[in-house]
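Participant: Quick one: the structure is below, and I'll ask about it shortly.
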Amino acid sequence: MALTCTFNRWGTLLAVGCNDGRIVIWDFLTRGIAKIISAHIHPVCSLCWSRDGHKLVSASTDNIVSQWDVLSGDCDQRFRFPSPILKVQYHPRDQNRVLVCPMKSAPVMLTLSDSKHVVLPVDDDSDLNVVASFDRRGEYIYTGNAKGKILVLKTDTQDLVASFRVTTGTSNTTAIKSIEFARKGSCFLINTADRIIRVYDGREILTCGRDGEPEPMQKLQDLVNRTPWKKCCFSGDGEYIVAGSARQHALYIWEKSIGNLVKILHGTRGELLLDVAVRSSPIPSPSSGVLNSFLIYFFQENWSAFAPDFKELDENVEYEERESEFDIEDEDKSEPEQTGADAAEDEEVDVTSVDPIAAFCSSDKSHKPQIATFFDEELEDSRALLYLPIAPEVEDPEENPYGPPPDAVPGSLPDEGLGPDKKRPSSSDGPQAPRKKPKTTNIELQGVPNDEVHPLLGVKGDGKSKKKQAGRPKGSKGKDKDSPFKPKLYKGDRGSLPLEGAAKELGQPLTGKDSLSSPWWPLILLQKL
């Protein structure tokens with residue numbers, strides 16, 4: 001089952017974190033799986049792509065943060081935190097820095113090159129339920145706590161630049177659940193515990209300074225059902241806001257400029273929404289979202305491209321036929337004038353230059369001239385990882401041409417000297433280079449409890465819960481008494497065999513129900529050992 005998902009900058013690859021610890025990368029154009037990375041043992045709770053798409057950073061419910069090479073699937077580094085991780089995010093400009101939001105702790109900024117970390121300052125040391133996010137360009141870090149206080153910190157120096165408090169009325173405050181920035185423009189949204197999505201302008205926040213009182217551009221909510229929001233985000237061009245309900249399988253879509261609700265998309269009844277990701281697309285409406293383990297793709301068909309006179313109607317209207325509409329020759333038709341398609345034939349069409357699509361190009365370098373921005377985007381795209389190579393699947397593979405001939409006698413190649421625990425590598429597997437063990441760094445945080453349980457795993461209990469633990473089953477490592485695959489012994493004595501001397505070497509001869517005459521005597525011997 002999928003727990004979290006995220007698109008790369010171009011919307012070509014989708015990374016999905018699963019509850020069995022795997023990271024599945026989908027090719028969104030072919031709708032197929034491009035790569036599967038066996039990343040963690042415990043469920044993956046957060047994912048983020050680097051700017052060029054070559055790296056992935058992931059967090060699991062066992063407090064581990066890892067960086068992965070997408071092409072090779074190898075782990076570059078690991079960081080172990082004392083408390084569960086709620087969110088990880090790459091710096092939008094520098095993939096050497098990663099923002100981590102641990103549970104019951106202040107946000108931490110990691111530097112991957114030297115494995116160092118910096119704890120960000122908070123407003124109240126007693127309130128450590130803090131969420132954080134980089135802004136669009138990574139110049140500032142926005143943090144929010146459970147008392148509704150938003151802090152704007154300079155990324156390089158961690159100095160406080162601006163601050164304000166989100167209030168529900170005259171003086172009541174509300175907890176900050178998440179902060180999300182638009183890819184285009186300077187707007188960002190705040191999802192709060194009072195079930196209202198507030199949209200702010202980042203430039204106004206910086207102008208107000210410390211203890212400012214900025215007014216939100218829009219306040220979005222479900223007034224009828226009072227729906228709480230699980231995940232909120234912007235569309236690729238920043239003109240729409242998408243929010244997933246925490247109660248049911250439903251997506252709400254608003255237009256940011258005027259704040260009206262455009263559409264509500266309902267999924268299967270009884271399912272809960274876990275995460276929402278919007279793909280960067282030239283279509284203004286949100287194009288995709290991951291709900292549980294299902295990828296849903298919404299496409300708005302432009303029928304006018306097939307029939308220029310086609311019009312979409314909200315309701316049926318009575319059609320009035322013109323007098324000569326279905327005549328073979330239109331008697332009322334006037335002399336054709338050189339307009340429309342005939343006039344367009346004389347125009348020279350430019351087929352060599354390529355205009356960038358506004359939804360795909362970021363406005364990160366908007367302070368530079370437009371020509372320089374276009375060439376910068378060109379250079380970035382040349383180094384970007386847009387797709388993953390996939391080996392073709394052969395239905396009827398031939399025999400291994402590099403292996404032994406079919407008439408070779410099995411066992412002709414001696415295995416002496418390899419040791420009891422070593423096996424000769426199979427020639428069909430090909431040469432396998434040993435994987436380098438990733439470096440693991442322990443992050444020490446002062447005053448952070450180490451017995452917290454991630455929200456995905458349920459509330460903290462006394463160990464008597466019967467809820468099945470998520471993740472891969474751990475190996476028994478010789479502890480047969482705790483193994484679910486403990487062999488079952490069968491009673492009965494069918495006489496002894498000469499192999500009884502092997503049991504005497506153990507000091508306890510097997511007789512009666514443990515007789516070697518039983519067909520299960522190898523398992524019985526193993527248990528005795």
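Every chain in the structure tokens has a letter given in the order shown (A, B, ...), and although residue numbers restart at 1 in each chain, ligands are simply numbered from 1 in the order shown.
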Skipping near chain neighbours, those fewer than 4 positions away, what residues fall within 8 Å of A:Thr155 using only C-alpha atoms, listed as a list in words?

Facilitator: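 Near neighbours after the sequence-gap exclusion: Gly138, Glu139, Tyr140, Ile141 and Asp159 of chain A.
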
Participant: Using Å and a single decimal, report how far atom CA of A:Val166 sits from atom CA of A:Gly209.

Facilitator: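 About the pair atom CA of A:Gly209 and atom CA of A:Val166: they are 14.8 Å apart.
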
Participant: Just the number, please: distance in Å from atom CA of A:Val118 to atom CA of A:Asp156, one decimal.

Facilitator: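 Computing the Euclidean distance for atom CA of A:Val118 and atom CA of A:Asp156 yields 10.6 Å.
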
Participant: Just checking: using only C-alpha atoms, which residue out of A:Pro102, A:Pro84, A:Pro214, A:Pro107 ends up closest to A:Leu456?

Facilitator: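 Of A:Pro102, A:Pro84, A:Pro214, A:Pro107, the one nearest A:Leu456 is A:Pro84, counting only C-alpha atoms.
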
Participant: Would you work out the distance separating atom CA of A:Arg22 from atom CA of A:Ile443, expressed in Å to one decimal?

Facilitator: 23.6 Å

Participant: For each of A:Leu251, A:Ser38, A:Arg203, A:Arg195, take the minimum atom-to-atom distance to A:Val224, counting only C-alpha atoms, then give the residue where this is smallest.

Facilitator: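 Selected residue with least distance to A:Val224: A:Arg195.
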
Participant: Could you pull the residues within 7 Å of stretch 183-187 of chain A, counting only C-alpha atoms, minus those fewer than 3 positions along the same chain, as a list of chain:residue names?

Facilitator: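 Contacts, with the query itself left out: A:Arg136, A:Val199, A:Tyr200, A:Asp201, A:Gly202, A:Arg203, A:Gly236, A:Asp237, A:Gly238, A:Ser362, A:Ser363.
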
Participant: Quick one: of A:Val24, A:Leu223, A:Leu313, A:Ala182, who's nearest to A:Val278, counting only C-alpha atoms?

Facilitator: A:Ala182

Participant: For A:Leu128, find every residue with an atom within 10 Å (counting only C-alpha atoms), except residues of its own chain fewer than 3 positions away, and show them as a list in words.

Facilitator: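 Non-adjacent residues within range: Pro102, Met103, Lys104, Ser105, Ala106, Pro107, Val122, Asp123, Asp124, Asp125, Val131, Gly144, Asn145, Ala146 and Val448 of chain A.
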
Participant: Please write the residues from the selection above to a file, keeping C-alpha atoms, as a CSV table (one decimal), in the first residue's frame.

Facilitator:
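Wrote it out as again_23.csv, contents follow:
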```
chain,number,residue,atom,x,y,z
A,102,PRO,CA,11.4,15.3,13.7
A,103,MET,CA,8.5,14.7,16.0
A,104,LYS,CA,8.5,16.6,19.4
A,105,SER,CA,11.6,18.5,18.2
A,106,ALA,CA,12.7,21.7,16.5
A,107,PRO,CA,13.4,21.3,12.7
A,122,VAL,CA,11.8,28.0,17.7
A,123,ASP,CA,9.4,30.6,19.3
A,124,ASP,CA,8.5,28.6,22.4
A,125,ASP,CA,10.8,25.9,23.8
A,131,VAL,CA,6.4,22.0,10.9
A,144,GLY,CA,4.9,27.0,12.4
A,145,ASN,CA,4.0,25.6,15.8
A,146,ALA,CA,0.9,24.4,17.6
A,448,VAL,CA,13.9,14.9,22.6
```
